[in-house]
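Engineer: For reference, this is target-v1.cif, and it has mmCIF, C-alpha atoms.
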```
data_query
loop_
_atom_site.group_PDB
_atom_site.id
_atom_site.type_symbol
_atom_site.label_atom_id
_atom_site.label_comp_id
_atom_site.auth_asym_id
_atom_site.auth_seq_id
_atom_site.Cartn_x
_atom_site.Cartn_y
_atom_site.Cartn_z
ATOM 1 C CA GLN A 243 0.000 0.000 0.000
ATOM 2 C CA VAL A 244 1.381 3.384 -0.943
ATOM 3 C CA GLN A 245 1.509 6.228 1.547
ATOM 4 C CA LEU A 246 2.058 9.914 0.946
ATOM 5 C CA VAL A 247 4.163 11.817 3.457
ATOM 6 C CA GLU A 248 4.037 15.618 3.497
ATOM 7 C CA SER A 249 6.673 17.856 5.017
ATOM 8 C CA GLY A 250 7.706 21.496 5.060
ATOM 9 C CA GLY A 251 4.836 23.150 6.871
ATOM 10 C CA GLY A 252 5.353 25.683 9.626
ATOM 11 C CA LEU A 253 4.621 29.108 11.068
ATOM 12 C CA VAL A 254 5.650 32.072 8.938
ATOM 13 C CA ARG A 255 4.820 35.736 8.547
ATOM 14 C CA ALA A 256 2.838 37.300 5.751
ATOM 15 C CA GLY A 257 5.056 37.747 2.694
ATOM 16 C CA ASP A 258 7.312 34.818 3.575
ATOM 17 C CA SER A 259 7.840 31.656 1.543
ATOM 18 C CA LEU A 260 7.583 27.943 2.282
ATOM 19 C CA ARG A 261 8.160 24.823 0.206
ATOM 20 C CA LEU A 262 6.076 21.766 0.877
ATOM 21 C CA ALA A 263 7.180 18.307 -0.189
ATOM 22 C CA CYS A 264 5.253 15.074 -0.650
ATOM 23 C CA THR A 265 7.063 11.760 -0.898
ATOM 24 C CA PRO A 266 5.371 8.437 -1.679
ATOM 25 C CA SER A 267 6.473 5.480 0.417
ATOM 26 C CA GLY A 268 5.626 1.810 0.484
ATOM 27 C CA ARG A 269 4.401 0.075 -2.624
ATOM 28 C CA THR A 270 5.290 2.168 -5.657
ATOM 29 C CA PHE A 271 2.596 3.166 -8.135
ATOM 30 C CA SER A 272 2.764 5.135 -11.315
ATOM 31 C CA PHE A 273 0.502 8.084 -10.661
ATOM 32 C CA SER A 274 -1.175 9.890 -13.525
ATOM 33 C CA ALA A 275 -1.518 13.080 -11.495
ATOM 34 C CA MET A 276 -0.765 14.561 -8.098
ATOM 35 C CA ALA A 277 -2.148 17.602 -6.368
ATOM 36 C CA TRP A 278 -2.240 19.771 -3.291
ATOM 37 C CA PHE A 279 -5.427 20.556 -1.432
ATOM 38 C CA ARG A 280 -5.903 22.538 1.759
ATOM 39 C CA GLN A 281 -8.438 22.749 4.527
ATOM 40 C CA SER A 282 -9.043 25.525 7.030
ATOM 41 C CA PRO A 283 -11.079 25.075 10.230
ATOM 42 C CA GLY A 284 -14.770 24.995 9.450
ATOM 43 C CA LYS A 285 -14.245 24.896 5.691
ATOM 44 C CA GLU A 286 -14.314 22.218 3.040
ATOM 45 C CA ARG A 287 -11.089 20.810 1.695
ATOM 46 C CA GLU A 288 -10.273 22.887 -1.379
ATOM 47 C CA PHE A 289 -8.130 22.482 -4.442
ATOM 48 C CA VAL A 290 -4.831 24.351 -4.593
ATOM 49 C CA ALA A 291 -2.775 22.984 -7.489
ATOM 50 C CA THR A 292 -2.287 19.900 -9.642
ATOM 51 C CA ILE A 293 0.239 18.456 -12.046
ATOM 52 C CA ASN A 294 -0.514 15.777 -14.613
ATOM 53 C CA TYR A 295 2.473 13.553 -15.136
ATOM 54 C CA ASN A 296 1.541 12.383 -18.622
ATOM 55 C CA GLU A 297 0.822 15.757 -20.172
ATOM 56 C CA ARG A 298 3.089 17.686 -17.837
ATOM 57 C CA THR A 299 0.293 20.206 -17.397
ATOM 58 C CA THR A 300 -0.380 22.205 -14.267
ATOM 59 C CA SER A 301 -3.418 24.009 -12.941
ATOM 60 C CA TYR A 302 -3.953 26.334 -10.003
ATOM 61 C CA ASP A 303 -6.801 27.768 -8.023
ATOM 62 C CA ASP A 304 -7.197 31.468 -8.755
ATOM 63 C CA SER A 305 -6.374 32.351 -5.157
ATOM 64 C CA VAL A 306 -2.802 31.072 -5.505
ATOM 65 C CA LYS A 307 -1.999 31.807 -9.153
ATOM 66 C CA GLY A 308 1.239 33.727 -9.487
ATOM 67 C CA ARG A 309 2.286 32.904 -5.924
ATOM 68 C CA PHE A 310 2.397 29.092 -5.740
ATOM 69 C CA THR A 311 4.212 26.678 -8.025
ATOM 70 C CA ILE A 312 3.658 22.932 -8.171
ATOM 71 C CA SER A 313 6.464 20.741 -9.470
ATOM 72 C CA ARG A 314 7.967 17.289 -9.251
ATOM 73 C CA ASP A 315 11.484 15.942 -9.376
ATOM 74 C CA ASN A 316 12.715 14.190 -12.510
ATOM 75 C CA ALA A 317 12.330 10.764 -10.972
ATOM 76 C CA LYS A 318 8.662 11.635 -10.291
ATOM 77 C CA THR A 319 9.152 10.545 -6.706
ATOM 78 C CA THR A 320 8.649 13.822 -4.880
ATOM 79 C CA LEU A 321 5.989 16.464 -5.366
ATOM 80 C CA TYR A 322 6.646 20.048 -4.307
ATOM 81 C CA LEU A 323 4.594 23.158 -3.672
ATOM 82 C CA GLN A 324 6.597 26.363 -3.602
ATOM 83 C CA MET A 325 4.546 28.999 -1.820
ATOM 84 C CA ASN A 326 5.645 32.623 -2.109
ATOM 85 C CA ASP A 327 4.139 35.830 -0.765
ATOM 86 C CA LEU A 328 2.099 33.902 1.755
ATOM 87 C CA LYS A 329 -1.023 35.525 3.179
ATOM 88 C CA PRO A 330 -2.934 34.865 6.408
ATOM 89 C CA GLU A 331 -5.758 33.381 4.341
ATOM 90 C CA ASP A 332 -3.346 30.674 3.158
ATOM 91 C CA THR A 333 -3.387 29.273 6.687
ATOM 92 C CA ALA A 334 -4.605 25.680 6.477
ATOM 93 C CA VAL A 335 -3.640 22.054 6.646
ATOM 94 C CA TYR A 336 -2.165 21.174 3.269
ATOM 95 C CA TYR A 337 -2.762 17.698 1.875
ATOM 96 C CA CYS A 338 -0.951 15.855 -0.878
ATOM 97 C CA ALA A 339 -3.117 13.712 -3.158
ATOM 98 C CA ALA A 340 -2.338 11.196 -5.887
ATOM 99 C CA ARG A 341 -4.330 9.598 -8.683
ATOM 100 C CA ARG A 342 -3.560 5.988 -9.604
ATOM 101 C CA LEU A 343 -6.177 5.752 -12.350
ATOM 102 C CA PRO A 344 -4.982 6.724 -15.820
ATOM 103 C CA GLY A 345 -5.813 10.158 -17.144
ATOM 104 C CA THR A 346 -4.503 13.142 -19.013
ATOM 105 C CA PHE A 347 -6.391 16.031 -17.458
ATOM 106 C CA ALA A 348 -5.573 18.559 -14.778
ATOM 107 C CA TYR A 349 -7.837 17.120 -12.124
ATOM 108 C CA SER A 350 -9.074 19.569 -9.515
ATOM 109 C CA THR A 351 -11.749 17.784 -7.491
ATOM 110 C CA ARG A 352 -11.264 15.594 -4.447
ATOM 111 C CA THR A 353 -12.955 12.592 -6.011
ATOM 112 C CA ASP A 354 -10.389 12.510 -8.808
ATOM 113 C CA TYR A 355 -7.781 11.332 -6.289
ATOM 114 C CA ASP A 356 -7.622 8.042 -4.447
ATOM 115 C CA THR A 357 -4.558 8.391 -2.250
ATOM 116 C CA TRP A 358 -4.051 11.058 0.408
ATOM 117 C CA GLY A 359 -1.413 12.120 2.873
ATOM 118 C CA GLN A 360 -1.987 13.059 6.500
ATOM 119 C CA GLY A 361 -1.439 16.763 5.953
ATOM 120 C CA THR A 362 1.005 19.410 7.098
ATOM 121 C CA GLN A 363 0.020 22.604 8.897
ATOM 122 C CA VAL A 364 0.834 25.973 7.373
ATOM 123 C CA THR A 365 0.168 29.012 9.535
ATOM 124 C CA VAL A 366 0.698 32.537 8.236
ATOM 125 C CA SER A 367 0.628 35.385 10.722
ATOM 126 C CA SER A 368 -0.191 38.945 9.745
#
```
Is it possible to express this structure as structure tokens?
Structural biologist:
Amino acid sequence: QVQLVESGGGLVRAGDSLRLACTPSGRTFSFSAMAWFRQSPGKEREFVATINYNERTTSYDDSVKGRFTISRDNAKTTLYLQMNDLKPEDTAVYYCAARRLPGTFAYSTRTDYDTWGQGTQVTVSS
């Protein structure tokens, strides 16, 4: 069984940067896409960014466009989320997600993904 392990969260000030990482462990699968979602207290888990490994396409929620960048290493083993110019409203638990089913789209809904990490907390103070 594959597991996703997130790292890189923390407490920062508005305007700072953080880089999150997500590393699969256990049984290795070939994912068609991976993504980052986030969830704030009292809110639904929401899409942040995705990367499709087959088409090498990326997609972002409007709230993070121009500030966040999703990427993967060449071995496709680690997923990253570079977060710049962080804002207090970016405060949330950030989750890594992976899709084992085949596909070529930039998937942005929770049901498109079948494997999830435990999350890493990002807190941005004003």
Engineer: Quick check on the file I pasted: which residues fall under the PyMOL selection byres ((chain A and resi 264-269) around 7)? Write them as a CSV table (one decimal) with C-alpha atoms, in the coordinates of the input.
Structural biologist:
```csv
chain,number,residue,atom,x,y,z
A,243,GLN,CA,0.0,0.0,0.0
A,244,VAL,CA,1.4,3.4,-0.9
A,245,GLN,CA,1.5,6.2,1.5
A,246,LEU,CA,2.1,9.9,0.9
A,247,VAL,CA,4.2,11.8,3.5
A,248,GLU,CA,4.0,15.6,3.5
A,249,SER,CA,6.7,17.9,5.0
A,262,LEU,CA,6.1,21.8,0.9
A,263,ALA,CA,7.2,18.3,-0.2
A,270,THR,CA,5.3,2.2,-5.7
A,271,PHE,CA,2.6,3.2,-8.1
A,319,THR,CA,9.2,10.5,-6.7
A,320,THR,CA,8.6,13.8,-4.9
A,321,LEU,CA,6.0,16.5,-5.4
A,322,TYR,CA,6.6,20.0,-4.3
A,338,CYS,CA,-1.0,15.9,-0.9
```
Engineer: How would you write, as a list of chain:residue names, the residues chosen by the PyMOL selection byres ((chain A and resi 345) around 9) on this structure?
Structural biologist: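 Applied to this file, the PyMOL selection byres ((chain A and resi 345) around 9) selects A:Ser274, A:Ala275, A:Asn294, A:Asn296, A:Arg341, A:Arg342, A:Leu343, A:Pro344, A:Thr346, A:Phe347, A:Ala348, A:Tyr349.
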Engineer: Go through A:Leu328, A:Val306, A:Ala291, A:Ala334 one by one, measure the shortest atom-to-atom distance of each to Ala277 (chain A) using all atoms listed in the file, and give the residue with the smallest value.
Structural biologist: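 Going through A:Leu328, A:Val306, A:Ala291, A:Ala334 one by one, the smallest distance to Ala277 (chain A) is for A:Ala291.
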Engineer: Which distance in Å separates CA of Arg314 (chain A) and CA of Ile293 (chain A), to one decimal?
Structural biologist: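 Spanning CA of Arg314 (chain A) to CA of Ile293 (chain A) is a straight-line distance of 8.3 Å.
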Engineer: Kindly give the distance, in Å, that separates CA of Leu253 (chain A) and CA of Glu331 (chain A), rounded to a single decimal.
Structural biologist: 13.1 Å
Engineer: Kindly give the distance, in Å, that separates CA of Ser301 (chain A) and CA of Pro330 (chain A), rounded to a single decimal.
Structural biologist: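 Separation between CA of Ser301 (chain A) and CA of Pro330 (chain A): 22.2 Å.
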Engineer: Place N, CA and C atoms on region 256-271 of chain A and deliver the coordinates as a compact mmCIF listing (two decimals), keeping the file's coordinate frame.
Structural biologist:
```txt
# COMPACT_ATOMS: atom_id res chain seq x y z
N ALA A 256 3.36 36.89 7.05
CA ALA A 256 2.84 37.30 5.75
C ALA A 256 3.98 37.81 4.88
N GLY A 257 4.00 37.37 3.61
CA GLY A 257 5.06 37.75 2.69
C GLY A 257 6.20 36.74 2.61
N ASP A 258 6.26 35.84 3.57
CA ASP A 258 7.31 34.82 3.58
C ASP A 258 7.02 33.71 2.57
N SER A 259 7.97 32.80 2.44
CA SER A 259 7.84 31.66 1.54
C SER A 259 8.02 30.35 2.30
N LEU A 260 7.41 29.30 1.78
CA LEU A 260 7.58 27.94 2.28
C LEU A 260 7.58 27.00 1.08
N ARG A 261 8.24 25.87 1.22
CA ARG A 261 8.16 24.82 0.21
C ARG A 261 7.71 23.53 0.87
N LEU A 262 6.58 23.05 0.41
CA LEU A 262 6.08 21.77 0.88
C LEU A 262 6.59 20.65 -0.03
N ALA A 263 6.77 19.48 0.57
CA ALA A 263 7.18 18.31 -0.19
C ALA A 263 6.26 17.15 0.13
N CYS A 264 6.08 16.27 -0.83
CA CYS A 264 5.25 15.07 -0.65
C CYS A 264 6.00 13.90 -1.26
N THR A 265 6.29 12.91 -0.43
CA THR A 265 7.06 11.76 -0.90
C THR A 265 6.26 10.48 -0.73
N PRO A 266 6.05 9.73 -1.80
CA PRO A 266 5.37 8.44 -1.68
C PRO A 266 6.29 7.42 -1.01
N SER A 267 5.71 6.57 -0.20
CA SER A 267 6.47 5.48 0.42
C SER A 267 5.65 4.21 0.34
N GLY A 268 6.31 3.09 0.57
CA GLY A 268 5.63 1.81 0.48
C GLY A 268 5.60 1.31 -0.95
N ARG A 269 4.53 0.61 -1.28
CA ARG A 269 4.40 0.08 -2.62
C ARG A 269 4.38 1.21 -3.64
N THR A 270 5.15 1.11 -4.68
CA THR A 270 5.29 2.17 -5.66
C THR A 270 4.24 2.03 -6.75
N PHE A 271 3.54 3.11 -7.05
CA PHE A 271 2.60 3.17 -8.14
C PHE A 271 3.04 4.23 -9.12
```
